[in-house]
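Next comes protein38.txt, with compact mmCIF, C-alpha atoms and all ligand atoms.
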# COMPACT_ATOMS: atom_id res chain seq x y z
CA MET A 1 124.53 121.48 85.68
CA ASN A 2 121.72 121.83 83.11
CA VAL A 3 120.38 118.83 81.26
CA LEU A 4 118.29 119.10 78.11
CA VAL A 5 115.68 116.34 77.99
CA LEU A 6 114.28 115.39 74.59
CA ASN A 7 111.35 113.14 73.77
CA CYS A 8 111.08 112.72 70.01
CA GLY A 9 107.92 111.23 68.48
CA SER A 10 107.40 110.53 64.80
CA SER A 11 106.32 114.14 64.15
CA SER A 12 106.92 115.83 67.49
CA LEU A 13 109.74 116.87 69.77
CA LYS A 14 109.06 117.62 73.43
CA PHE A 15 111.82 119.33 75.36
CA GLN A 16 112.70 120.49 78.85
CA LEU A 17 115.82 122.19 80.07
CA ILE A 18 116.33 121.21 83.70
CA ASP A 19 118.70 122.67 86.27
CA THR A 20 119.64 119.44 87.99
CA ALA A 21 120.86 121.12 91.18
CA SER A 22 117.55 122.82 91.98
CA GLU A 23 115.51 120.51 89.68
CA ALA A 24 113.87 123.66 88.28
CA VAL A 25 112.56 123.63 84.71
CA LEU A 26 114.18 126.52 82.82
CA LYS A 27 112.53 125.89 79.46
CA LYS A 28 109.73 123.61 78.39
CA GLY A 29 107.93 123.24 75.11
CA GLU A 30 107.14 121.13 72.09
CA PHE A 31 107.53 121.11 68.34
CA GLU A 32 104.53 119.53 66.64
CA ARG A 33 103.65 118.31 63.16
CA ILE A 34 107.31 118.20 62.12
CA GLY A 35 107.50 117.53 58.38
CA SER A 36 104.16 119.14 57.55
CA ASP A 37 103.31 122.66 56.38
CA GLU A 38 101.45 123.26 59.66
CA SER A 39 104.42 122.64 61.93
CA PHE A 40 104.81 124.93 64.93
CA TYR A 41 106.33 125.07 68.38
CA SER A 42 104.77 126.01 71.66
CA MET A 43 106.41 127.06 74.90
CA ASP A 44 105.09 126.51 78.43
CA ILE A 45 108.14 127.80 80.30
CA PRO A 46 109.39 130.53 80.70
CA LYS A 47 106.16 131.87 79.17
CA VAL A 48 103.27 130.41 77.24
CA GLU A 49 103.46 131.13 73.51
CA GLU A 50 102.88 129.39 70.20
CA THR A 51 104.80 130.14 67.02
CA LYS A 52 104.49 128.79 63.48
CA TYR A 53 107.80 127.33 62.41
CA LYS A 54 108.38 125.16 59.40
CA ALA A 55 110.57 122.28 60.58
CA LYS A 56 110.92 119.76 57.77
CA THR A 57 112.95 117.35 59.91
CA HIS A 58 113.82 116.69 63.55
CA THR A 59 117.27 118.14 62.84
CA GLU A 60 115.65 121.44 61.84
CA ALA A 61 113.53 121.38 65.00
CA VAL A 62 116.59 120.70 67.18
CA ALA A 63 118.48 123.52 65.40
CA LYS A 64 115.62 125.91 66.13
CA LEU A 65 115.48 124.72 69.73
CA PHE A 66 119.17 125.49 70.22
CA GLU A 67 118.57 128.94 68.73
CA LEU A 68 115.64 129.50 71.09
CA MET A 69 117.81 128.54 74.06
CA GLY A 70 120.15 131.46 73.37
CA ASP A 71 122.96 131.67 75.94
CA LEU A 72 121.43 128.80 77.92
CA LYS A 73 122.66 126.48 75.18
CA ASP A 74 126.20 126.90 76.54
CA THR A 75 125.08 125.69 79.98
CA VAL A 76 123.93 122.28 78.71
CA CYS A 77 126.23 119.55 79.97
CA ALA A 78 124.23 116.59 78.71
CA ILE A 79 121.21 115.73 76.61
CA GLY A 80 118.94 112.99 77.96
CA HIS A 81 116.80 111.18 75.39
CA ARG A 82 113.74 109.09 76.03
CA VAL A 83 113.93 105.85 74.06
CA VAL A 84 110.90 103.60 74.08
CA HIS A 85 112.41 100.15 73.49
CA GLY A 86 115.80 98.90 74.63
CA GLY A 87 115.05 95.20 74.07
CA ALA A 88 117.01 92.76 76.22
CA GLU A 89 120.32 94.48 75.57
CA PHE A 90 119.79 97.73 77.47
CA SER A 91 119.14 97.08 81.15
CA GLY A 92 119.99 100.65 82.14
CA SER A 93 120.61 104.12 80.78
CA VAL A 94 123.69 104.49 78.56
CA LEU A 95 125.99 107.08 77.11
CA VAL A 96 125.59 107.29 73.34
CA THR A 97 128.21 105.76 71.10
CA GLU A 98 127.84 104.56 67.53
CA ARG A 99 127.71 100.97 68.83
CA VAL A 100 124.90 101.89 71.24
CA LEU A 101 122.88 103.51 68.44
CA LYS A 102 123.32 100.39 66.30
CA GLY A 103 122.08 98.29 69.22
CA VAL A 104 118.97 100.46 69.53
CA GLU A 105 118.39 100.25 65.79
CA GLU A 106 118.55 96.47 66.05
CA VAL A 107 115.57 96.38 68.42
CA SER A 108 113.60 99.02 66.52
CA HIS A 109 111.39 96.37 64.91
CA PHE A 110 109.71 96.06 68.34
CA ALA A 111 108.86 99.81 68.34
CA PRO A 112 108.83 100.83 64.66
CA LEU A 113 106.96 104.09 65.26
CA HIS A 114 108.98 105.24 68.27
CA ASN A 115 112.60 104.05 68.22
CA PRO A 116 113.54 105.48 64.78
CA ALA A 117 112.14 108.88 65.85
CA ASN A 118 114.02 108.68 69.18
CA ILE A 119 117.27 107.87 67.36
CA GLY A 120 116.60 110.66 64.84
CA GLY A 121 116.61 113.14 67.72
CA VAL A 122 119.93 111.77 69.02
CA ARG A 123 121.57 111.98 65.59
CA ALA A 124 120.35 115.58 65.21
CA CYS A 125 121.97 116.50 68.54
CA ILE A 126 125.25 114.78 67.60
CA GLU A 127 125.29 116.69 64.31
CA LEU A 128 124.50 120.09 65.82
CA LEU A 129 126.22 119.88 69.20
CA PRO A 130 128.94 117.23 68.75
CA LYS A 131 130.72 118.04 72.02
CA ILE A 132 127.73 117.50 74.33
CA PRO A 133 127.28 113.92 75.63
CA ASN A 134 123.96 112.22 74.89
CA VAL A 135 122.39 109.74 77.31
CA LEU A 136 119.66 107.27 76.38
CA VAL A 137 117.01 106.44 78.98
CA PHE A 138 114.80 103.49 78.03
CA ASP A 139 111.15 102.92 78.97
CA THR A 140 111.94 99.21 79.14
CA SER A 141 115.10 99.04 81.25
CA PHE A 142 113.39 99.44 84.65
CA HIS A 143 111.82 96.04 83.98
CA SER A 144 115.12 94.27 83.29
CA THR A 145 114.87 92.89 86.85
CA MET A 146 111.87 90.74 85.89
CA GLN A 147 112.54 87.00 86.18
CA PRO A 148 111.92 84.63 83.25
CA LYS A 149 108.75 83.32 84.95
CA ALA A 150 107.29 86.83 84.62
CA TYR A 151 108.59 87.81 81.21
CA ARG A 152 108.30 84.55 79.28
CA TYR A 153 105.26 83.89 77.11
CA GLY A 154 104.08 80.31 76.71
CA ILE A 155 105.71 79.94 73.30
CA ALA A 156 108.31 77.49 72.02
CA ASN A 157 111.71 78.01 73.58
CA ALA A 158 113.42 78.11 70.18
CA ASP A 159 111.13 80.93 69.06
CA TYR A 160 111.78 82.92 72.22
CA GLU A 161 115.53 82.52 71.73
CA LYS A 162 115.52 83.23 68.01
CA PHE A 163 113.12 86.18 67.96
CA GLY A 164 113.37 87.65 71.46
CA VAL A 165 109.62 87.45 71.89
CA ARG A 166 108.96 88.07 75.59
CA LYS A 167 107.53 90.71 77.88
CA TYR A 168 109.70 93.83 78.17
CA GLY A 169 107.32 96.29 79.88
CA PHE A 170 107.16 100.07 79.51
CA HIS A 171 106.66 103.32 81.49
CA GLY A 172 109.83 102.39 83.42
CA THR A 173 111.01 105.98 83.80
CA SER A 174 107.69 106.89 85.39
CA TYR A 175 107.81 103.87 87.71
CA ALA A 176 111.32 104.72 88.84
CA TYR A 177 110.28 108.29 89.65
CA VAL A 178 107.02 107.43 91.41
CA ALA A 179 108.54 104.57 93.44
CA ARG A 180 111.20 106.90 94.80
CA GLU A 181 108.65 109.62 95.62
CA ALA A 182 106.40 107.11 97.40
CA SER A 183 109.29 105.83 99.49
CA LYS A 184 110.14 109.43 100.48
CA MET A 185 106.50 110.10 101.41
CA MET A 186 106.40 106.92 103.49
CA ASN A 187 109.73 107.73 105.06
CA ARG A 188 110.80 104.15 104.45
CA PRO A 189 113.63 102.82 102.30
CA LEU A 190 112.58 101.59 98.88
CA LYS A 191 114.37 98.29 99.49
CA ASP A 192 111.85 97.44 102.24
CA LEU A 193 108.70 98.19 100.25
CA LYS A 194 106.32 96.21 98.09
CA MET A 195 104.42 98.53 95.78
CA ILE A 196 101.88 98.57 93.02
CA ILE A 197 102.08 101.57 90.71
CA ALA A 198 99.23 102.23 88.30
CA HIS A 199 100.39 104.51 85.48
CA ILE A 200 97.02 105.31 83.93
CA GLY A 201 97.32 107.80 81.10
CA ASN A 202 96.40 107.56 77.45
CA GLY A 203 98.81 104.62 77.45
CA ALA A 204 98.37 102.69 80.69
CA SER A 205 100.14 99.95 82.59
CA ILE A 206 100.58 98.60 86.10
CA CYS A 207 103.78 97.45 87.73
CA ALA A 208 104.57 95.32 90.77
CA ILE A 209 107.73 96.57 92.47
CA ASP A 210 109.56 94.76 95.27
CA GLY A 211 112.46 96.55 96.95
CA GLY A 212 112.54 99.13 94.13
CA LYS A 213 112.75 96.42 91.45
CA SER A 214 110.16 95.59 88.82
CA VAL A 215 108.81 92.09 89.40
CA ASP A 216 106.08 92.06 86.76
CA THR A 217 104.08 94.50 84.67
CA SER A 218 100.98 94.50 82.49
CA MET A 219 102.55 95.60 79.19
CA GLY A 220 104.45 93.12 77.08
CA LEU A 221 106.67 92.85 74.01
CA THR A 222 105.04 96.11 72.96
CA PRO A 223 102.80 98.57 74.84
CA LEU A 224 99.70 96.85 73.44
CA GLU A 225 99.28 94.23 76.16
CA GLY A 226 97.39 94.61 79.41
CA LEU A 227 94.89 97.30 80.31
CA ILE A 228 92.20 98.79 78.10
CA MET A 229 93.79 102.13 77.14
CA GLY A 230 92.89 105.33 75.31
CA THR A 231 93.19 103.75 71.87
CA ARG A 232 94.73 100.31 72.60
CA ALA A 233 92.72 97.15 73.13
CA GLY A 234 95.01 95.68 75.79
CA ASP A 235 94.64 91.94 76.52
CA ILE A 236 92.69 90.13 73.82
CA ASP A 237 92.48 86.47 72.83
CA THR A 238 94.95 86.18 69.93
CA ALA A 239 92.42 84.07 68.04
CA ALA A 240 89.88 86.90 68.43
CA ALA A 241 92.41 89.33 66.93
CA VAL A 242 93.07 87.01 63.98
CA TYR A 243 89.32 86.50 63.48
CA LEU A 244 88.84 90.29 63.42
CA ALA A 245 91.66 90.68 60.90
CA LYS A 246 90.05 88.12 58.60
CA LYS A 247 86.61 89.71 58.90
CA LYS A 248 87.95 93.25 58.41
CA GLY A 249 90.42 92.30 55.63
CA LEU A 250 93.45 93.51 57.60
CA ASP A 251 97.01 92.31 57.02
CA PHE A 252 99.42 91.83 59.98
CA ASP A 253 100.49 95.47 60.16
CA GLY A 254 96.89 96.59 59.67
CA LEU A 255 95.80 94.41 62.60
CA VAL A 256 98.50 95.77 64.92
CA SER A 257 97.64 99.32 63.87
CA TYR A 258 93.91 98.66 64.46
CA LEU A 259 94.53 97.20 67.94
CA ASN A 260 96.84 100.10 68.84
CA SER A 261 94.95 103.03 67.38
CA GLU A 262 91.28 102.25 66.89
CA CYS A 263 90.35 100.24 69.97
CA GLY A 264 90.36 100.93 73.72
CA MET A 265 88.12 103.76 74.91
CA LEU A 266 88.14 105.28 71.43
CA GLY A 267 86.64 102.13 69.95
CA MET A 268 84.31 101.39 72.86
CA ALA A 269 83.09 104.90 73.70
CA GLY A 270 84.00 106.87 70.55
CA VAL A 271 86.59 109.05 72.28
CA ASN A 272 89.92 108.35 73.95
CA ASP A 273 89.84 111.29 76.36
CA MET A 274 88.42 110.48 79.80
CA ARG A 275 87.06 114.00 80.34
CA PRO A 276 84.00 113.80 78.03
CA ILE A 277 83.52 110.18 79.09
CA THR A 278 83.03 111.37 82.69
CA THR A 279 80.13 113.56 81.61
CA ARG A 280 78.57 110.84 79.50
CA VAL A 281 78.82 108.30 82.33
CA ALA A 282 77.19 110.81 84.70
CA GLU A 283 74.35 111.19 82.16
CA GLY A 284 73.89 107.41 82.20
CA GLU A 285 74.90 106.91 78.57
CA GLU A 286 75.17 103.16 77.97
CA GLN A 287 78.21 102.83 75.69
CA ALA A 288 80.32 105.23 77.76
CA THR A 289 79.25 103.43 80.97
CA ILE A 290 80.12 99.96 79.63
CA ALA A 291 83.48 101.28 78.37
CA PHE A 292 84.31 102.97 81.69
CA GLU A 293 83.25 99.95 83.74
CA SER A 294 85.32 97.61 81.54
CA TYR A 295 88.29 99.97 81.90
CA ILE A 296 87.95 99.90 85.70
CA HIS A 297 87.39 96.14 85.79
CA ARG A 298 90.59 95.49 83.83
CA ILE A 299 92.65 97.75 86.12
CA THR A 300 91.22 96.02 89.20
CA LYS A 301 92.00 92.57 87.79
CA HIS A 302 95.60 93.45 86.97
CA ILE A 303 96.23 95.06 90.35
CA GLY A 304 94.78 91.98 92.07
CA ALA A 305 97.00 89.65 90.05
CA LEU A 306 100.10 91.72 90.73
CA VAL A 307 99.39 91.97 94.48
CA ALA A 308 99.30 88.15 94.50
CA VAL A 309 102.61 88.03 92.59
CA LEU A 310 104.13 90.30 95.25
CA GLY A 311 102.57 88.25 98.05
CA GLY A 312 101.37 91.42 99.78
CA VAL A 313 101.63 95.14 99.30
CA ASP A 314 102.64 98.18 101.36
CA ALA A 315 101.56 100.93 98.96
CA ILE A 316 99.38 101.44 95.91
CA CYS A 317 100.26 104.54 93.85
CA TRP A 318 98.26 106.25 91.13
CA THR A 319 99.91 108.34 88.45
CA ALA A 320 99.59 109.81 84.89
CA GLY A 321 96.71 111.77 83.34
CA VAL A 322 93.79 109.53 84.30
CA GLY A 323 95.35 108.11 87.48
CA THR A 324 95.88 111.54 89.00
CA ASN A 325 92.65 113.16 87.78
CA ARG A 326 89.91 110.56 88.25
CA HIS A 327 88.98 110.25 91.92
CA ASP A 328 85.90 108.19 90.99
CA LEU A 329 88.05 105.63 89.17
CA ARG A 330 90.44 105.37 92.12
CA GLU A 331 87.52 105.03 94.53
CA LYS A 332 85.91 102.23 92.50
CA VAL A 333 89.13 100.26 92.07
CA MET A 334 90.31 100.76 95.65
CA SER A 335 86.94 99.65 97.08
CA LYS A 336 87.86 96.14 95.86
CA PHE A 337 91.06 96.14 97.92
CA GLU A 338 89.55 97.02 101.30
CA PHE A 339 89.87 93.35 102.22
CA LEU A 340 93.64 93.86 102.07
CA GLY A 341 93.43 96.80 104.47
CA ALA A 342 93.74 99.40 101.71
CA LYS A 343 91.16 101.99 102.69
CA ILE A 344 91.03 105.44 101.14
CA ASP A 345 89.68 108.65 102.62
CA PRO A 346 87.01 110.01 100.21
CA GLU A 347 87.84 113.65 101.01
CA LEU A 348 91.57 113.21 100.56
CA ASN A 349 90.88 111.30 97.37
CA ILE A 350 89.07 114.34 95.95
CA LEU A 351 91.56 116.79 97.39
CA HIS A 352 94.43 115.14 95.53
CA ASN A 353 92.59 115.27 92.24
CA GLY A 354 93.66 117.54 89.41
CA ILE A 355 94.95 121.01 89.97
CA GLY A 356 92.79 123.68 91.53
CA GLU A 357 92.40 125.82 94.57
CA GLY A 358 93.45 123.90 97.65
CA ARG A 359 94.20 120.88 95.49
CA ASN A 360 97.46 119.17 94.91
CA ARG A 361 97.75 116.07 92.83
CA THR A 362 100.55 114.57 94.85
CA GLY A 363 99.54 113.30 98.28
CA GLU A 364 98.44 110.39 100.40
CA ILE A 365 94.77 109.44 100.15
CA SER A 366 94.69 106.59 102.69
CA GLU A 367 92.22 106.53 105.55
CA GLU A 368 93.91 106.80 108.92
CA GLY A 369 94.95 103.39 110.17
CA SER A 370 94.89 101.84 106.71
CA THR A 371 97.47 99.04 106.64
CA VAL A 372 98.09 99.44 102.91
CA ARG A 373 98.79 103.06 102.03
CA THR A 374 97.49 104.71 98.85
CA PHE A 375 99.04 107.69 97.07
CA VAL A 376 98.37 109.97 94.13
CA ILE A 377 101.73 111.00 92.70
CA ALA A 378 102.13 113.21 89.63
CA THR A 379 104.85 111.55 87.58
CA ASN A 380 107.81 113.48 86.20
CA GLU A 381 109.53 111.41 83.54
CA GLU A 382 111.61 114.34 82.28
CA LEU A 383 113.11 114.95 85.71
CA GLN A 384 113.85 111.24 86.06
CA ILE A 385 115.62 111.30 82.65
CA ALA A 386 117.67 114.33 83.75
CA ARG A 387 118.62 112.50 86.98
CA GLU A 388 119.63 109.42 84.99
CA ALA A 389 121.75 111.55 82.64
CA VAL A 390 123.60 113.06 85.62
CA LYS A 391 124.15 109.60 87.10
CA ILE A 392 125.62 108.31 83.83
CA LEU A 393 127.90 111.34 83.47
CA GLU A 394 129.16 110.86 87.01
CA THR A 395 130.06 107.24 86.36
CA CYS A 396 131.75 107.66 82.99
CA GLU A 397 134.88 109.50 82.03
CA CYS A 398 133.37 111.93 79.57
P1 LIG B 401 98.87 111.08 79.88
O1 LIG B 401 99.02 110.03 78.81
O2 LIG B 401 99.41 110.70 81.19
O3 LIG B 401 99.30 112.44 79.42
O4 LIG B 401 97.28 111.21 80.12
C1 LIG B 401 96.43 111.76 79.13
C2 LIG B 401 95.01 111.36 79.42
O5 LIG B 401 94.66 111.76 80.76
C3 LIG B 401 94.00 112.06 78.54
O6 LIG B 401 93.81 111.38 77.32
C4 LIG B 401 92.75 112.04 79.39
O7 LIG B 401 92.05 110.84 79.15
C5 LIG B 401 93.26 112.00 80.82
N1 LIG B 401 93.03 113.26 81.53
C6 LIG B 401 93.80 114.36 81.54
N2 LIG B 401 93.26 115.31 82.33
C7 LIG B 401 92.11 114.79 82.82
C8 LIG B 401 91.10 115.27 83.70
N3 LIG B 401 91.13 116.48 84.23
N4 LIG B 401 90.07 114.44 83.99
C9 LIG B 401 90.02 113.18 83.46
N5 LIG B 401 90.94 112.68 82.63
C10 LIG B 401 91.97 113.46 82.32

For this file, write the structure as structure tokens.
Amino acid sequence: MNVLVLNCGSSSLKFQLIDTASEAVLKKGEFERIGSDESFYSMDIPKVEETKYKAKTHTEAVAKLFELMGDLKDTVCAIGHRVVHGGAEFSGSVLVTERVLKGVEEVSHFAPLHNPANIGGVRACIELLPKIPNVLVFDTSFHSTMQPKAYRYGIANADYEKFGVRKYGFHGTSYAYVAREASKMMNRPLKDLKMIIAHIGNGASICAIDGGKSVDTSMGLTPLEGLIMGTRAGDIDTAAAVYLAKKKGLDFDGLVSYLNSECGMLGMAGVNDMRPITTRVAEGEEQATIAFESYIHRITKHIGALVAVLGGVDAICWTAGVGTNRHDLREKVMSKFEFLGAKIDPELNILHNGIGEGRNRTGEISEEGSTVRTFVIATNEELQIAREAVKILETCEC
């Protein structure tokens, strides 16, 4: 059973074809700059190549993808789509119907850059391969287990009810994958474990998970809340945001765009990629150091708060681009949790850092005897989407 996994952005389309029996990736690549004269696609699997291809729309990119798949196209039994926002309506993955797509469109105002692109990819698949079932997997649905005390903001009840303004949380597909991997590595059932997972990539959030269920998370109505991220400000006094908008002459959309795209590490250190920041911190450069220390401080604070919400923790897991590659960040944050019994082994921490000879990103980094165990786990959202698609197909009569 092969599942095609699609992740459509506003001008990109990432794809993986996954054999769900062996979980092997048969094809992997990305179309970029869709709609522009410079559009192209690149392949990572089966071999690395980059080809110019003018795709004016996502439908053209999907058509080209099906052509590139050759005979493998006939082996696809389902297409799994990443959808960023499912609002309150979608508490799990679903098989696509017209009613489902309407429901997703109705919550698109919460993710105006992402949801329309995600739906565009689904519509392209329906048009080009009408017989293949499509499954939607939402970033938000993992957090549907949060209780009102965790997801409610302190706003008027009528406004919450009328506008649906509450925390939804994101990165749910990654949390589901990492939680399951951690439970396998601990050889303990997920239902018995309290976990903190730190998904620290360009977008970053932290989740408290009890018995496999999300209890609380740092992101909110949109992915803007919480940690300082690559380009997002994270938590900020709303009055400070409004003051900035007035001073900078920004309207509402301009303010949201500024807080999403011009702040975070980009705004504080001039670059959103952690790699050059590492070098600048090592050279003692002030702005980069303040930015990096603030970034670490915010992560530490959120983990601390979420451990308290859980009332204890069995495992702390690090994932995503920064979480798996920055041993110094993990060391600094984890040093604050030694009082809980979470001690890491400095050598293991470096060993499970990045990819290189003798290195493997996924592994346990706890010191022997540590009562709280710490892991570095490379996330695999595409595989999780493929697993979800199989689960949905097995439970429906399609
Ligand atoms: P993600 O959003 O999970 O793909 O993570 C992307 C981010 O991970 C990049 O913007 C970098 O900041 C960070 N990153 C990736 N590789 C490394 C590395 N080798 N060292 C430090 N940071 C890295």

Among listed residues A:Gly203, A:Gly35, A:Gly270, A:Gly154, nearest Ala61 (chain A) (using all atoms listed in the file): A:Gly35

Using only C-alpha atoms and all ligand atoms, which protein or nucleic acid residues are at most 7 Å from ligand LIG 401 (chain B), as a PDB file with C-alpha atoms, keeping the file's coordinate frame?
ATOM      1  CA  ILE A 200      97.020 105.310  83.930  1.00  0.00           C
ATOM      2  CA  GLY A 201      97.320 107.800  81.100  1.00  0.00           C
ATOM      3  CA  ASN A 202      96.400 107.560  77.450  1.00  0.00           C
ATOM      4  CA  GLY A 203      98.810 104.620  77.450  1.00  0.00           C
ATOM      5  CA  GLY A 230      92.890 105.330  75.310  1.00  0.00           C
ATOM      6  CA  ASN A 272      89.920 108.350  73.950  1.00  0.00           C
ATOM      7  CA  ASP A 273      89.840 111.290  76.360  1.00  0.00           C
ATOM      8  CA  MET A 274      88.420 110.480  79.800  1.00  0.00           C
ATOM      9  CA  ARG A 275      87.060 114.000  80.340  1.00  0.00           C
ATOM     10  CA  ALA A 320      99.590 109.810  84.890  1.00  0.00           C
ATOM     11  CA  GLY A 321      96.710 111.770  83.340  1.00  0.00           C
ATOM     12  CA  VAL A 322      93.790 109.530  84.300  1.00  0.00           C
ATOM     13  CA  ASN A 325      92.650 113.160  87.780  1.00  0.00           C
ATOM     14  CA  ARG A 326      89.910 110.560  88.250  1.00  0.00           C
ATOM     15  CA  GLY A 354      93.660 117.540  89.410  1.00  0.00           C
TER      16      GLY A 354
END

Could you give me, as a PyMOL selection string, the residues within 12 Å of Arg123 (chain A), counting only C-alpha atoms and dropping anything in the same chain fewer than 5 positions from it? chain A and resi 8+57-60+62-63+79+81+96-98+101-102+116-118+128-130+133-136

Given the point (79.1, 109.8, 76.6) in the file's coordinates, find the residues that have an atom at most 12 Å from it, counting all atoms listed in the file, and give them as a ChimeraX atom specification. /A:265-266,268-292

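In terms of minimum interatomic distance to Val3 (chain A), A:Leu72 ranks closest within A:Lys47, A:Leu113, A:Leu72, A:Tyr53, counting all atoms listed in the file.
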
Tell me, as a PDB file with C-alpha atoms, in the coordinates of the input, which residues lie within 6 Å of Leu13 (chain A), counting all atoms listed in the file; anything in the same chain fewer than 4 positions away does not count.
ATOM      1  CA  ASN A   7     111.350 113.140  73.770  1.00  0.00           C
ATOM      2  CA  CYS A   8     111.080 112.720  70.010  1.00  0.00           C
ATOM      3  CA  GLU A  30     107.140 121.130  72.090  1.00  0.00           C
ATOM      4  CA  PHE A  31     107.530 121.110  68.340  1.00  0.00           C
TER       5      PHE A  31
END

Please write out, as AutoDock Vina command-line options, where the centre of an axis-aligned box around all listed atoms of region 156-162 of chain A lies and how long its edges are, in Å to one decimal, after adding 4 Å on each side.
--center_x 111.9 --center_y 80.4 --center_z 70.8 --size_x 15.2 --size_y 13.7 --size_z 13.6

If we count all atoms listed in the file and set the cut-off at 8 Å, which residues sit around Gln16 (chain A), ignoring sequence neighbours fewer than 6 positions away in its own chain? Please answer as a list in words.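 Once the nearby chain positions are removed, what remains is Leu4, Val5, Leu6, Val25, Leu26, Lys27, Lys28, Gly29 and Glu382 of chain A.
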
Between CA of Gly311 (chain A) and CA of His199 (chain A), what is the distance in Å, rounded to a tenth?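 Going from CA of Gly311 (chain A) over to CA of His199 (chain A) covers 20.7 Å.
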
Skip Ala150 (chain A) itself and residues of its chain fewer than 5 positions away, then list as an NGL selection string all residues within 12 Å of it, counting all atoms listed in the file. :A and (143-145 or 166-169 or 207-208 or 214-220 or 305-306 or 309-310)

Report, in Å with one decimal, the straight-line distance from CA of Phe163 (chain A) to CA of Arg298 (chain A).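 Between CA of Phe163 (chain A) and CA of Arg298 (chain A) the gap works out to 29.1 Å.
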
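Closest approach to Glu331 (chain A) among A:Ile303, A:Val137, A:Ile365, A:Ala179: A:Ile365, based on all atoms listed in the file.
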
Selection near Val313 (chain A), 10 Å with only C-alpha atoms, sequence-local residues under 6 positions removed, as a ChimeraX atom specification: /A:193-196,208-210,306-307,340-342,371-373

What would the file look like if the residues just selected were written as a short mmCIF file (atom, residue, chain, number, x, y, z; two decimals), in the coordinates of the input with C-alpha atoms?
data_model
loop_
_atom_site.label_atom_id
_atom_site.label_comp_id
_atom_site.auth_asym_id
_atom_site.auth_seq_id
_atom_site.Cartn_x
_atom_site.Cartn_y
_atom_site.Cartn_z
CA LEU A 193 108.70 98.19 100.25
CA LYS A 194 106.32 96.21 98.09
CA MET A 195 104.42 98.53 95.78
CA ILE A 196 101.88 98.57 93.02
CA ALA A 208 104.57 95.32 90.77
CA ILE A 209 107.73 96.57 92.47
CA ASP A 210 109.56 94.76 95.27
CA LEU A 306 100.10 91.72 90.73
CA VAL A 307 99.39 91.97 94.48
CA LEU A 340 93.64 93.86 102.07
CA GLY A 341 93.43 96.80 104.47
CA ALA A 342 93.74 99.40 101.71
CA THR A 371 97.47 99.04 106.64
CA VAL A 372 98.09 99.44 102.91
CA ARG A 373 98.79 103.06 102.03
#

Counting only C-alpha atoms, figure out which residue out of A:Phe110, A:Leu383, A:Val84, A:Ile34 gets nearest to Asp19 (chain A). A:Leu383

Which residue gives the smallest distance to Ser108 (chain A) among A:Val178, A:Thr222, A:Phe170, A:Phe15, with all atoms listed in the file counted? A:Thr222
